[in-house]
Amino acid sequence: MPSDSSANRATTPSPAAPPRRAPVDPRGPRFSAAITAVLLLVVIFLSLTGASVAALVLLAAIAALFAWGAFAGVGRHPYGLLFKRFVRPRLVPPAELEDAAPPTFAQGVGLFVTVIGVALGLFGLAPAVGIAAGFAFIAAFLNSVFDYCLGCQLYLLLVRARILGRSPAAA
């Protein structure tokens with residue numbers, strides 16, 4: 001009865017399995033990362049040219065977008081919706097879909113980095129805005145150009161270490 005056992009495995013989550021969200025086209029998070037990278041470059045430019053207030057406001061807006069992606073999921077993020085509506089219909093279907101949990105976690109990492117930059121900027125440390133934007137840019141650039149998601153890799157490491165993805169019964 002291979003079909004029964006495979007069906008049972010598919011419906012019974014393992015104790016260490018993270019909660020699953022609807023799978024996403026892997027090109028969507030790359031599309032989002034490309035837009036984010038461009039916006040972060042603008043923050044870095046503004047920060048370097050002395051437009052500290054504008055850099056801070058734009059980084060705060062990017063942080064809000066990261067929060068949207070982290071809490072609503074990458075499928076409901078504005079860039080994800082743009083991808084679904086305008087870009088994906090023009091592409092061939094992906095070879096496979098990916099779990100939305102790692103890129104959603106990566107949005108949380110981006111949120112963490114940008115919120116630190118915004119908070120330090122609000123406390124008068126204007127260079128922190130550009131530095132935080134620089135760190136976030138590196139991650140967004142790697143994802144958009146090389147399909148290497150640092151936040152996703154961190155997520156996978158934390159799952160393997162059993163820090164993330166434990167069910168309450170396993171804790």
# chains A, B, ... in the order shown; residues from 1 in each chain; ligands from 1

call {"tool": "closest_atom_pairs", "arguments": {"of": "region 10-85 of chain A", "to": "region 149-154 of chain A", "cutoff": "10 Å", "atoms": "only C-alpha atoms", "output": "CSV"}}
result
residue,atom,partner,partner_atom,distance
A:Pro29,CA,A:Cys149,CA,9.2
A:Arg30,CA,A:Cys149,CA,8.8
A:Ala33,CA,A:Cys149,CA,9.3

call {"tool": "write_last_selection", "arguments": {"atoms": "N, CA and C atoms", "output": "PDB file, in the first residue's frame"}}
result
ATOM      1  N   PRO A  29       9.818  36.006  -4.960  1.00  0.00           N
ATOM      2  CA  PRO A  29      10.708  36.640  -3.988  1.00  0.00           C
ATOM      3  C   PRO A  29      11.939  37.286  -4.637  1.00  0.00           C
ATOM      4  N   ARG A  30      12.425  36.727  -5.738  1.00  0.00           N
ATOM      5  CA  ARG A  30      13.559  37.345  -6.440  1.00  0.00           C
ATOM      6  C   ARG A  30      13.137  38.685  -7.041  1.00  0.00           C
ATOM      7  N   ALA A  33      12.933  41.080  -4.234  1.00  0.00           N
ATOM      8  CA  ALA A  33      14.275  41.455  -3.778  1.00  0.00           C
ATOM      9  C   ALA A  33      14.918  42.468  -4.717  1.00  0.00           C
TER      10      ALA A  33
END

call {"tool": "closest_residue", "arguments": {"among": "A:Ala119, A:Thr36, A:Thr104, A:Leu111", "to": "Leu142 (chain A)", "atoms": "only C-alpha atoms"}}
result
A:Thr36

call {"tool": "closest_residue", "arguments": {"among": "A:Ser52, A:Gln107, A:Ser32, A:Thr114", "to": "Ala126 (chain A)", "atoms": "only C-alpha atoms"}}
result
A:Ser52

call {"tool": "closest_residue", "arguments": {"among": "A:Gly110, A:Pro94, A:Pro103, A:Gly80", "to": "Gly28 (chain A)", "atoms": "only C-alpha atoms"}}
result
A:Gly80

call {"tool": "closest_residue", "arguments": {"among": "A:Leu65, A:Ala95, A:Leu164, A:Ala133", "to": "Val43 (chain A)", "atoms": "only C-alpha atoms"}}
result
A:Ala133

call {"tool": "closest_residue", "arguments": {"among": "A:Val118, A:Val57, A:Leu40, A:Leu46", "to": "Ala136 (chain A)", "atoms": "only C-alpha atoms"}}
result
A:Leu40

call {"tool": "closest_residue", "arguments": {"among": "A:Leu41, A:Ile35, A:Leu97, A:Val109", "to": "Ala67 (chain A)", "atoms": "only C-alpha atoms"}}
result
A:Val109
